[in-house]
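Q: I'd like to ask you about the structure that follows.
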Amino acid sequence: MKISLEWIAQYVDVSDIAPDMIAERLTMATAEVEAVETLTRSLDGVRVGKVVSAEAVSDTNAFVRVECGTDTFSTVCGAPNVRPGMTSAFAPAGVRLADGTRLEARQVAGRPSQGVLCSSEELGMGGGHLGIVDLPDSLASGRLLSELIPPTDTIIEIDNKSLTHRPDLWGHYGLAREVAAVLGRPLRPLERADLSAYDALPAYPLALDDVENCPCYCCLELDGVAALPAPLTIQYRLHALGQRTFNILVDLTNYIMLELAQPMHAFDGARLRAVRIAPFGRSGSFTTLDGQDRAMQPDDLMIWNETQPVALAGIMGGLNSEVGQDTTRLLLESANFRAARIRRTATRLGLQTDASQRFEKQQPPVTTKLGIERFVRLLHEAGLRPEVRSRLTYAGDLKPGTRRLSIPKGFFDRRIGNPIASDKIVSILTSLGFEAELDADELRVGIPPFRSEKDIALPVDILEEVTRINGYDNLEPRLPDFSADTVAFDDRLRTEHKARRLLAQAYQFSEIHNYSWFDETWLKTIGYKPPAALRVANPSAEQHVRLRTSLMPNILAVVKKNALHSDQFRIFELGPGYWAVGESDRQERLLLSGASFQHERIAPLEEHFRAVKGALEALAVQLNVGRLDFMPGTEDVSPWQTAGSHVQISRAAGPVGSLGFVAGPLLGELAAKAQVVWFELDFGALDGPLFPEVRYLPASRYPGSWFDFSIVAPLETRFAELVGRLDGFSHPLLKKREFVTRYTGRGLDPGTASCTFRYWIESPQQTLSGEQIEVFQQEYIAFLSAQGLRLR
């Protein structure tokens, strides 16, 4: 959020303090300041000009005569809003504009141009380049703008996240109150109109049908208004903050929103007969002020003109009730809406506005009345005295009362650690707008209604107010007294860290973190329909309506994005999946999924597949879960898990997950001429001991020996099946067995393959004799023959 220091200076004197110092004090006490920028306006030589005539010379340009005091200039102007009789800013030849251009007299479209009528952007004021500035007619022709507008301003940009809990700080007056408290200076009061003079007038027809989503709604009807240019001060302040200006009726609503953090809206009063606040009630469409047709849902809150919707509550007005140049009757709205309702509608429509941004912070209702009082006051200051046709009409609860808290004085000393004088506590709270009185050892605090109930409600909230204004840097650093207890280790978390370290450090996988929901657009692209998926009650966007049951779709989306930038990479994610179980039950399981991507020229697919398979086998060893078995998958399970392209992974305790490679149309969707090997494991099924079991075996008194056996088996025999057969062989001399090489078909009969196992044999009574070794070999050969196997 951007704040104008020139605007702040209207309420508190900061003329003798450097902007950087103010920013530092605000950062330490209130909210983080992200940037301090100087806005320099190019006003030298620019004069107030009256447009005498405007003659069209083409479809886009007009030949204009401008009167500046006793001087008359001609220019060719292409602004869409130029018209005879308007007052604007004229820069004669010789003036330098904000972009560095020095104006010269020249011929344009065959007509003499002795300068330009300027937009706010050309003067360095900000606010866009859509038309020339439209100044109030009260400004004297020929006067220098540098005498009317400050040449510079300081713009302070505050981090929005640090203001989320402080809706009162989304306006300049609330920030000015903070600046005054931090600097210990008086805050000038905000001038407002006394609307009690109109209490005898009839109420405007108003019906509030949804009090939950609209706790308070205020309105006031004015007649005899005119869509004139806003006063110069209002215009240059709005421009400095990047706002466009239209006319005083619209500009004042934006000005008050930026001043008080209270969004307002002005309706053309001639188009409304009665106001009703209610949900849309059906599915349909509504055209907003920007001319866009918005798809509405039944729960969306609307402002109605009897039975016709005229505004999207808290977000944007409707095109059918906007204020125009011919508006003479005005209905002024100042309302309070429930933050969650506004956030849901704005997020779903992708329509975040300045108003919705403030309503999402849960504004206090009392500022609705203050906004209208301030609007009428500024109208009067601009010299306009419209007829008030109704009294201030409101429905709901303004909550104007002061909330009370009683706090023992010792509470502050115990919590802060450094004693703060009682009169200092009272002074700080008073400077922030609180009522504060110390009675004996008890502090009685009155919380002002402009402070949100979600911000200030407990004694610790008052403690925070006092501490931050007093200065966190004034606290004496001191270690707390505590007793050191033994740290309880989470074995499951340590197991997760072991898996992460192995994949990242030993196998070059990079860990990623995706959202916990599917992207419906991506699911449709890859053709996946997740079973038993839970639906999100309040999705962040309309395509994020289902929680993930698998990590793979989101991982494949990451693969597609990164395939554009790299020929080879590996990624994995360790995160939860969610399932609906029956009608009302839910289940959550921790999943470990990953993908390895490489261009097909780097290595054959089989080598790529075995490399990932080896990583999973190493993971099983690291997690002490025993050997993994891999069984070919024969059915299509998902777009990435098709028949013949994946294997099912299991261990002795049961299924673990799947491993495979992407094939078919999905591979073409991800990348061309590439390989994608994926895996997904139920991490909860990898529940081995944190540390391997260590058993002591006494060393043999007699030396043993290794023997290698190359075993030939039918080619269709799975390795896990072969190992299972060999497990059936036992012998008193056999102590352990290891495999050396996997299947190979070189030099064998067709239809067969071989692999090599290494056996360690030893005798507990004596050194191995040749006879013992020969007997062992004969018995082993006989065992193999019985299993349909043979030695190579």
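FYI, nothing fancy with the structure tokens labels: chains A, B, ... in order, residues from 1 per chain, ligands from 1 as they appear.
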What's around region 592-598 of chain A at 8 Å? Count only C-alpha atoms, leave out sequence neighbours fewer than 2 positions away in its own chain, and write the answer as a list in words.
A: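 Near region 592-598 of chain A, the qualifying residues are Leu551, Met552, Ile555, Leu556, Val559, Ala563, Asp567, Gln568, Phe569, Arg570, Ile571, Phe572, Glu573, Leu574, Gly575, Leu590, Glu600, Ile602, Val612, Ala674, Gln675, Val676, Val677, Trp678, Phe679, Glu680, Leu681, Asp682 and Phe683 of chain A.
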Q: DSSP on the backbone: which residues in region 175-268 of chain A end up as alpha helix (DSSP H)? Give the answer as a ChimeraX atom specification.
A: /A:175-183,232-240,248-260
Q: Next, write the just-selected residues to a file, as a tab-separated table (two decimals), in the first residue's frame, keeping N, CA, C and O atoms as the atom set.
A:
chain	number	residue	atom	x	y	z
A	175	LEU	N	-2.96	6.00	9.40
A	175	LEU	CA	-1.50	6.04	9.43
A	175	LEU	C	-1.00	7.31	10.11
A	175	LEU	O	0.00	7.29	10.83
A	176	ALA	N	-1.72	8.41	9.89
A	176	ALA	CA	-1.31	9.67	10.54
A	176	ALA	C	-1.41	9.54	12.06
A	176	ALA	O	-0.57	10.07	12.80
A	177	ARG	N	-2.42	8.82	12.55
A	177	ARG	CA	-2.56	8.61	13.99
A	177	ARG	C	-1.36	7.82	14.52
A	177	ARG	O	-0.82	8.12	15.59
A	178	GLU	N	-0.92	6.82	13.76
A	178	GLU	CA	0.25	6.04	14.15
A	178	GLU	C	1.51	6.91	14.15
A	178	GLU	O	2.32	6.84	15.07
A	179	VAL	N	1.68	7.72	13.09
A	179	VAL	CA	2.85	8.59	13.01
A	179	VAL	C	2.87	9.55	14.19
A	179	VAL	O	3.91	9.78	14.82
A	180	ALA	N	1.70	10.13	14.52
A	180	ALA	CA	1.63	11.06	15.64
A	180	ALA	C	2.00	10.37	16.95
A	180	ALA	O	2.73	10.93	17.79
A	181	ALA	N	1.53	9.14	17.15
A	181	ALA	CA	1.83	8.41	18.39
A	181	ALA	C	3.31	8.04	18.45
A	181	ALA	O	3.96	8.18	19.50
A	182	VAL	N	3.86	7.59	17.33
A	182	VAL	CA	5.26	7.18	17.32
A	182	VAL	C	6.19	8.37	17.55
A	182	VAL	O	7.19	8.26	18.27
A	183	LEU	N	5.85	9.51	16.97
A	183	LEU	CA	6.71	10.69	17.09
A	183	LEU	C	6.37	11.55	18.30
A	183	LEU	O	7.07	12.54	18.57
A	232	LEU	N	-8.32	20.76	-6.76
A	232	LEU	CA	-6.98	20.42	-7.21
A	232	LEU	C	-6.26	19.54	-6.19
A	232	LEU	O	-5.55	18.60	-6.56
A	233	THR	N	-6.42	19.81	-4.89
A	233	THR	CA	-5.74	19.02	-3.87
A	233	THR	C	-6.15	17.56	-3.95
A	233	THR	O	-5.31	16.65	-3.87
A	234	ILE	N	-7.43	17.32	-4.12
A	234	ILE	CA	-7.92	15.94	-4.22
A	234	ILE	C	-7.34	15.27	-5.46
A	234	ILE	O	-6.91	14.11	-5.41
A	235	GLN	N	-7.28	16.00	-6.55
A	235	GLN	CA	-6.78	15.41	-7.80
A	235	GLN	C	-5.31	15.03	-7.70
A	235	GLN	O	-4.92	13.91	-8.04
A	236	TYR	N	-4.46	15.96	-7.23
A	236	TYR	CA	-3.03	15.61	-7.25
A	236	TYR	C	-2.69	14.55	-6.20
A	236	TYR	O	-1.74	13.79	-6.37
A	237	ARG	N	-3.47	14.46	-5.12
A	237	ARG	CA	-3.22	13.39	-4.17
A	237	ARG	C	-3.63	12.03	-4.73
A	237	ARG	O	-2.93	11.02	-4.55
A	238	LEU	N	-4.76	11.99	-5.42
A	238	LEU	CA	-5.17	10.73	-6.05
A	238	LEU	C	-4.18	10.32	-7.13
A	238	LEU	O	-3.81	9.14	-7.23
A	239	HIS	N	-3.73	11.27	-7.94
A	239	HIS	CA	-2.76	10.95	-8.98
A	239	HIS	C	-1.46	10.42	-8.38
A	239	HIS	O	-0.85	9.49	-8.92
A	240	ALA	N	-1.02	10.99	-7.27
A	240	ALA	CA	0.23	10.57	-6.65
A	240	ALA	C	0.19	9.10	-6.23
A	240	ALA	O	1.23	8.43	-6.18
A	248	ILE	N	-15.93	15.14	-9.33
A	248	ILE	CA	-15.90	15.24	-7.88
A	248	ILE	C	-16.74	14.16	-7.21
A	248	ILE	O	-16.39	13.69	-6.11
A	249	LEU	N	-17.83	13.72	-7.84
A	249	LEU	CA	-18.71	12.73	-7.21
A	249	LEU	C	-18.01	11.38	-7.08
A	249	LEU	O	-18.12	10.71	-6.05
A	250	VAL	N	-17.29	10.97	-8.12
A	250	VAL	CA	-16.57	9.70	-8.07
A	250	VAL	C	-15.26	9.85	-7.32
A	250	VAL	O	-14.88	9.01	-6.50
A	251	ASP	N	-14.54	10.96	-7.59
A	251	ASP	CA	-13.23	11.14	-6.96
A	251	ASP	C	-13.32	11.20	-5.45
A	251	ASP	O	-12.42	10.73	-4.74
A	252	LEU	N	-14.39	11.79	-4.92
A	252	LEU	CA	-14.52	11.88	-3.47
A	252	LEU	C	-14.66	10.51	-2.83
A	252	LEU	O	-14.16	10.28	-1.72
A	253	THR	N	-15.36	9.59	-3.48
A	253	THR	CA	-15.48	8.24	-2.91
A	253	THR	C	-14.11	7.56	-2.84
A	253	THR	O	-13.79	6.90	-1.85
A	254	ASN	N	-13.28	7.74	-3.89
A	254	ASN	CA	-11.94	7.17	-3.87
A	254	ASN	C	-11.05	7.87	-2.84
A	254	ASN	O	-10.24	7.24	-2.16
A	255	TYR	N	-11.21	9.18	-2.74
A	255	TYR	CA	-10.41	9.97	-1.81
A	255	TYR	C	-10.68	9.53	-0.37
A	255	TYR	O	-9.77	9.33	0.43
A	256	ILE	N	-11.96	9.36	-0.03
A	256	ILE	CA	-12.32	8.98	1.33
A	256	ILE	C	-11.88	7.54	1.62
A	256	ILE	O	-11.46	7.22	2.74
A	257	MET	N	-11.93	6.67	0.62
A	257	MET	CA	-11.43	5.30	0.81
A	257	MET	C	-9.95	5.32	1.17
A	257	MET	O	-9.51	4.59	2.07
A	258	LEU	N	-9.17	6.18	0.50
A	258	LEU	CA	-7.74	6.26	0.78
A	258	LEU	C	-7.45	7.06	2.04
A	258	LEU	O	-6.37	6.94	2.61
A	259	GLU	N	-8.40	7.86	2.48
A	259	GLU	CA	-8.21	8.66	3.69
A	259	GLU	C	-8.64	7.91	4.94
A	259	GLU	O	-7.92	7.90	5.95
A	260	LEU	N	-9.80	7.27	4.89
A	260	LEU	CA	-10.39	6.63	6.08
A	260	LEU	C	-10.38	5.11	6.02
A	260	LEU	O	-10.79	4.47	6.98
Q: With distances taken over only C-alpha atoms, which of A:Ser53, A:Thr307, A:Asn554, A:Thr549 is nearest to Ile512 (chain A)?
A: A:Asn554
Q: For region 34-49 of chain A, find every residue with an atom within 8 Å (counting only C-alpha atoms), except residues of its own chain fewer than 4 positions away, and show them as a tab-separated table (two decimals) with all heavy atoms, in the first residue's frame.
A:
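The resulting result_26.tsv:
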chain	number	residue	atom	x	y	z
A	19	PRO	N	12.01	11.81	5.72
A	19	PRO	CA	11.13	10.69	5.38
A	19	PRO	C	11.72	9.32	5.75
A	19	PRO	O	10.99	8.44	6.20
A	19	PRO	CB	10.97	10.83	3.86
A	19	PRO	CG	11.17	12.28	3.59
A	19	PRO	CD	12.21	12.72	4.58
A	20	ASP	N	13.04	9.16	5.59
A	20	ASP	CA	13.65	7.87	5.94
A	20	ASP	C	13.52	7.58	7.43
A	20	ASP	O	13.36	6.41	7.83
A	20	ASP	CB	15.12	7.85	5.53
A	20	ASP	CG	15.30	7.76	4.03
A	20	ASP	OD1	14.33	7.36	3.36
A	20	ASP	OD2	16.39	8.09	3.53
A	23	ALA	N	10.00	6.42	8.04
A	23	ALA	CA	9.85	5.04	7.57
A	23	ALA	C	10.46	4.06	8.56
A	23	ALA	O	9.89	3.00	8.84
A	23	ALA	CB	10.51	4.88	6.19
A	66	VAL	N	-6.21	28.02	-26.49
A	66	VAL	CA	-6.16	28.01	-25.03
A	66	VAL	C	-5.83	29.41	-24.54
A	66	VAL	O	-4.85	30.03	-25.01
A	66	VAL	CB	-5.11	27.00	-24.52
A	66	VAL	CG1	-5.11	26.95	-23.00
A	66	VAL	CG2	-5.34	25.62	-25.11
A	67	GLU	N	-6.61	29.88	-23.57
A	67	GLU	CA	-6.38	31.20	-22.98
A	67	GLU	C	-5.68	31.03	-21.64
A	67	GLU	O	-6.18	30.35	-20.75
A	67	GLU	CB	-7.71	31.93	-22.80
A	67	GLU	CG	-7.59	33.31	-22.21
A	67	GLU	CD	-8.95	33.93	-21.95
A	67	GLU	OE1	-9.54	34.47	-22.89
A	67	GLU	OE2	-9.44	33.82	-20.80
A	68	CYS	N	-4.49	31.65	-21.50
A	68	CYS	CA	-3.73	31.61	-20.26
A	68	CYS	C	-3.53	33.05	-19.79
A	68	CYS	O	-2.57	33.73	-20.20
A	68	CYS	CB	-2.39	30.92	-20.44
A	68	CYS	SG	-2.49	29.18	-20.91
A	69	GLY	N	-4.46	33.54	-19.00
A	69	GLY	CA	-4.40	34.94	-18.58
A	69	GLY	C	-4.63	35.84	-19.77
A	69	GLY	O	-5.64	35.75	-20.48
A	87	THR	N	-11.15	23.75	-18.08
A	87	THR	CA	-9.90	24.28	-17.55
A	87	THR	C	-8.91	23.14	-17.44
A	87	THR	O	-9.24	22.07	-16.94
A	87	THR	CB	-10.13	24.91	-16.17
A	87	THR	OG1	-11.11	25.95	-16.28
A	87	THR	CG2	-8.84	25.49	-15.61
A	88	SER	N	-7.69	23.39	-17.96
A	88	SER	CA	-6.70	22.33	-17.96
A	88	SER	C	-5.32	22.93	-17.74
A	88	SER	O	-5.18	24.12	-17.44
A	88	SER	CB	-6.76	21.55	-19.28
A	88	SER	OG	-5.94	20.39	-19.21
A	89	ALA	N	-4.29	22.08	-17.86
A	89	ALA	CA	-2.91	22.50	-17.67
A	89	ALA	C	-2.26	22.65	-19.04
A	89	ALA	O	-2.24	21.68	-19.82
A	89	ALA	CB	-2.16	21.49	-16.82
A	90	PHE	N	-1.71	23.84	-19.32
A	90	PHE	CA	-1.09	24.09	-20.62
A	90	PHE	C	0.40	24.35	-20.43
A	90	PHE	O	0.81	25.17	-19.60
A	90	PHE	CB	-1.73	25.29	-21.31
A	90	PHE	CG	-1.18	25.53	-22.70
A	90	PHE	CD1	-1.56	24.75	-23.76
A	90	PHE	CD2	-0.24	26.54	-22.92
A	90	PHE	CE1	-1.05	24.96	-25.03
A	90	PHE	CE2	0.28	26.76	-24.19
A	90	PHE	CZ	-0.13	25.95	-25.25
A	91	ALA	N	1.20	23.62	-21.20
A	91	ALA	CA	2.66	23.78	-21.17
A	91	ALA	C	3.09	24.45	-22.46
A	91	ALA	O	3.03	23.83	-23.54
A	91	ALA	CB	3.34	22.43	-21.02
A	92	PRO	N	3.49	25.75	-22.45
A	92	PRO	CA	3.92	26.44	-23.67
A	92	PRO	C	5.26	25.90	-24.15
A	92	PRO	O	5.96	25.15	-23.46
A	92	PRO	CB	4.04	27.91	-23.22
A	92	PRO	CG	3.40	27.97	-21.87
A	92	PRO	CD	3.50	26.61	-21.28
A	95	VAL	N	8.89	24.54	-22.23
A	95	VAL	CA	8.68	23.79	-20.99
A	95	VAL	C	9.18	22.36	-21.17
A	95	VAL	O	9.01	21.75	-22.23
A	95	VAL	CB	7.19	23.80	-20.58
A	95	VAL	CG1	6.93	22.82	-19.45
A	95	VAL	CG2	6.77	25.21	-20.18
A	96	ARG	N	9.79	21.80	-20.14
A	96	ARG	CA	10.26	20.41	-20.16
A	96	ARG	C	9.26	19.53	-19.41
A	96	ARG	O	8.92	19.80	-18.26
A	96	ARG	CB	11.64	20.30	-19.54
A	96	ARG	CG	12.26	18.90	-19.70
A	96	ARG	CD	13.64	18.83	-19.06
A	96	ARG	NE	14.59	19.72	-19.70
A	96	ARG	CZ	15.27	19.43	-20.80
A	96	ARG	NH1	15.09	18.27	-21.40
A	96	ARG	NH2	16.12	20.31	-21.32
A	97	LEU	N	8.77	18.47	-20.07
A	97	LEU	CA	7.81	17.56	-19.46
A	97	LEU	C	8.52	16.51	-18.61
A	97	LEU	O	9.75	16.44	-18.58
A	97	LEU	CB	6.98	16.88	-20.56
A	97	LEU	CG	6.16	17.81	-21.46
A	97	LEU	CD1	5.40	17.00	-22.51
A	97	LEU	CD2	5.21	18.67	-20.64
A	98	ALA	N	7.72	15.68	-17.94
A	98	ALA	CA	8.28	14.71	-17.00
A	98	ALA	C	9.18	13.69	-17.66
A	98	ALA	O	10.13	13.19	-17.06
A	98	ALA	CB	7.16	14.00	-16.25
A	122	GLU	N	2.15	13.33	-17.97
A	122	GLU	CA	3.14	14.20	-18.58
A	122	GLU	C	3.70	15.21	-17.59
A	122	GLU	O	4.82	15.70	-17.76
A	122	GLU	CB	2.52	14.92	-19.77
A	122	GLU	CG	2.25	14.00	-20.96
A	122	GLU	CD	1.44	14.68	-22.05
A	122	GLU	OE1	0.52	15.45	-21.72
A	122	GLU	OE2	1.72	14.42	-23.24
A	123	LEU	N	2.94	15.51	-16.55
A	123	LEU	CA	3.41	16.44	-15.53
A	123	LEU	C	4.13	15.73	-14.39
A	123	LEU	O	4.53	16.36	-13.41
A	123	LEU	CB	2.23	17.23	-14.97
A	123	LEU	CG	1.48	18.11	-15.97
A	123	LEU	CD1	0.29	18.79	-15.31
A	123	LEU	CD2	2.40	19.16	-16.58
A	124	GLY	N	4.27	14.40	-14.49
A	124	GLY	CA	4.95	13.65	-13.44
A	124	GLY	C	4.09	13.46	-12.21
A	124	GLY	O	4.60	13.13	-11.13
A	125	MET	N	2.78	13.62	-12.35
A	125	MET	CA	1.88	13.51	-11.20
A	125	MET	C	1.36	12.10	-11.00
A	125	MET	O	0.78	11.78	-9.97
A	125	MET	CB	0.70	14.48	-11.37
A	125	MET	CG	1.10	15.94	-11.38
A	125	MET	SD	-0.23	17.03	-11.93
A	125	MET	CE	-1.49	16.72	-10.70
A	139	LEU	N	-10.03	28.02	-10.71
A	139	LEU	CA	-8.63	28.40	-10.81
A	139	LEU	C	-8.47	29.54	-11.81
A	139	LEU	O	-9.04	29.51	-12.91
A	139	LEU	CB	-7.77	27.21	-11.24
A	139	LEU	CG	-7.75	26.01	-10.29
A	139	LEU	CD1	-6.84	24.91	-10.85
A	139	LEU	CD2	-7.28	26.42	-8.91
A	140	ALA	N	-7.69	30.54	-11.44
A	140	ALA	CA	-7.49	31.71	-12.30
A	140	ALA	C	-6.68	31.34	-13.53
A	140	ALA	O	-5.64	30.70	-13.43
A	140	ALA	CB	-6.78	32.82	-11.51
A	141	SER	N	-7.17	31.75	-14.70
A	141	SER	CA	-6.48	31.48	-15.95
A	141	SER	C	-5.11	32.13	-15.96
A	141	SER	O	-4.94	33.28	-15.54
A	141	SER	CB	-7.32	32.00	-17.13
A	141	SER	OG	-6.62	31.89	-18.33
A	142	GLY	N	-4.10	31.36	-16.41
A	142	GLY	CA	-2.75	31.87	-16.53
A	142	GLY	C	-1.89	31.63	-15.32
A	142	GLY	O	-0.67	31.85	-15.38
A	143	ARG	N	-2.45	31.20	-14.23
A	143	ARG	CA	-1.67	31.03	-13.01
A	143	ARG	C	-0.73	29.83	-13.16
A	143	ARG	O	-1.07	28.82	-13.78
A	143	ARG	CB	-2.59	30.82	-11.82
A	143	ARG	CG	-1.84	30.89	-10.49
A	143	ARG	CD	-2.77	30.97	-9.33
A	143	ARG	NE	-2.04	31.04	-8.08
A	143	ARG	CZ	-2.61	31.03	-6.87
A	143	ARG	NH1	-3.93	30.98	-6.78
A	143	ARG	NH2	-1.87	31.10	-5.79
A	144	LEU	N	0.46	29.92	-12.58
A	144	LEU	CA	1.42	28.83	-12.64
A	144	LEU	C	1.00	27.68	-11.72
A	144	LEU	O	0.66	27.91	-10.55
A	144	LEU	CB	2.81	29.33	-12.24
A	144	LEU	CG	3.49	30.29	-13.22
A	144	LEU	CD1	4.77	30.84	-12.60
A	144	LEU	CD2	3.79	29.61	-14.54
A	145	LEU	N	1.03	26.46	-12.25
A	145	LEU	CA	0.65	25.30	-11.44
A	145	LEU	C	1.64	25.07	-10.31
A	145	LEU	O	1.29	24.51	-9.27
A	145	LEU	CB	0.58	24.04	-12.32
A	145	LEU	CG	-0.73	23.79	-13.06
A	145	LEU	CD1	-0.67	22.46	-13.79
A	145	LEU	CD2	-1.92	23.85	-12.15
A	146	SER	N	2.89	25.49	-10.49
A	146	SER	CA	3.88	25.31	-9.43
A	146	SER	C	3.55	26.10	-8.18
A	146	SER	O	4.07	25.82	-7.10
A	146	SER	CB	5.27	25.71	-9.95
A	146	SER	OG	5.27	27.06	-10.39
A	150	PRO	N	2.34	21.15	-4.80
A	150	PRO	CA	3.71	20.93	-4.30
A	150	PRO	C	4.57	20.28	-5.38
A	150	PRO	O	4.12	19.33	-6.03
A	150	PRO	CB	3.51	20.00	-3.10
A	150	PRO	CG	2.09	20.18	-2.70
A	150	PRO	CD	1.34	20.49	-3.95
A	151	PRO	N	5.79	20.75	-5.56
A	151	PRO	CA	6.63	20.19	-6.62
A	151	PRO	C	7.08	18.75	-6.36
A	151	PRO	O	7.41	18.03	-7.28
A	151	PRO	CB	7.83	21.15	-6.66
A	151	PRO	CG	7.87	21.75	-5.29
A	151	PRO	CD	6.45	21.86	-4.85
A	152	THR	N	7.10	18.35	-5.09
A	152	THR	CA	7.53	16.98	-4.76
A	152	THR	C	6.61	16.39	-3.70
A	152	THR	O	5.89	17.12	-3.00
A	152	THR	CB	8.98	16.95	-4.22
A	152	THR	OG1	9.05	17.72	-3.01
A	152	THR	CG2	9.96	17.50	-5.25
A	153	ASP	N	6.66	15.09	-3.61
A	153	ASP	CA	5.96	14.36	-2.55
A	153	ASP	C	6.79	13.12	-2.25
A	153	ASP	O	7.56	12.64	-3.10
A	153	ASP	CB	4.55	13.97	-3.00
A	153	ASP	CG	3.69	13.44	-1.86
A	153	ASP	OD1	4.18	13.41	-0.71
A	153	ASP	OD2	2.52	13.06	-2.12
A	154	THR	N	6.67	12.60	-1.06
A	154	THR	CA	7.35	11.36	-0.69
A	154	THR	C	6.30	10.26	-0.57
A	154	THR	O	5.31	10.40	0.16
A	154	THR	CB	8.09	11.51	0.64
A	154	THR	OG1	9.09	12.52	0.51
A	154	THR	CG2	8.77	10.20	1.02
A	155	ILE	N	6.50	9.20	-1.32
A	155	ILE	CA	5.58	8.07	-1.32
A	155	ILE	C	6.21	6.94	-0.50
A	155	ILE	O	7.30	6.46	-0.83
A	155	ILE	CB	5.27	7.58	-2.75
A	155	ILE	CG1	4.74	8.75	-3.60
A	155	ILE	CG2	4.27	6.44	-2.71
A	155	ILE	CD1	3.47	9.38	-3.08
A	156	ILE	N	5.53	6.54	0.55
A	156	ILE	CA	5.99	5.44	1.41
A	156	ILE	C	5.17	4.20	1.07
A	156	ILE	O	3.94	4.23	1.13
A	156	ILE	CB	5.83	5.80	2.90
A	156	ILE	CG1	6.72	7.00	3.25
A	156	ILE	CG2	6.16	4.62	3.78
A	156	ILE	CD1	6.58	7.47	4.68
A	157	GLU	N	5.87	3.14	0.70
A	157	GLU	CA	5.18	1.89	0.36
A	157	GLU	C	5.29	0.92	1.52
A	157	GLU	O	6.40	0.59	1.97
A	157	GLU	CB	5.78	1.27	-0.90
A	157	GLU	CG	5.01	0.06	-1.39
A	157	GLU	CD	5.44	-0.40	-2.76
A	157	GLU	OE1	6.29	0.27	-3.38
A	157	GLU	OE2	4.92	-1.45	-3.22
A	158	ILE	N	4.13	0.47	2.01
A	158	ILE	CA	4.07	-0.39	3.19
A	158	ILE	C	3.65	-1.79	2.76
A	158	ILE	O	2.78	-1.98	1.91
A	158	ILE	CB	3.07	0.18	4.22
A	158	ILE	CG1	3.56	1.54	4.71
A	158	ILE	CG2	2.89	-0.76	5.40
A	158	ILE	CD1	2.63	2.21	5.69
A	159	ASP	N	4.31	-2.79	3.35
A	159	ASP	CA	4.01	-4.19	3.05
A	159	ASP	C	2.57	-4.52	3.47
A	159	ASP	O	2.21	-4.37	4.64
A	159	ASP	CB	5.00	-5.08	3.80
A	159	ASP	CG	4.68	-6.55	3.65
A	159	ASP	OD1	4.18	-6.94	2.58
A	159	ASP	OD2	4.93	-7.31	4.59
A	240	ALA	N	-1.02	10.99	-7.27
A	240	ALA	CA	0.23	10.57	-6.65
A	240	ALA	C	0.19	9.10	-6.23
A	240	ALA	O	1.23	8.43	-6.18
A	240	ALA	CB	0.54	11.44	-5.44
Q: Quick one: DSSP strand (DSSP E or B) residues in region 240-341 of chain A, as a PyMOL selection string?
A: chain A and resi 264-268+275-279+284-288+293-296+301-305+308-312+316-318+329-336
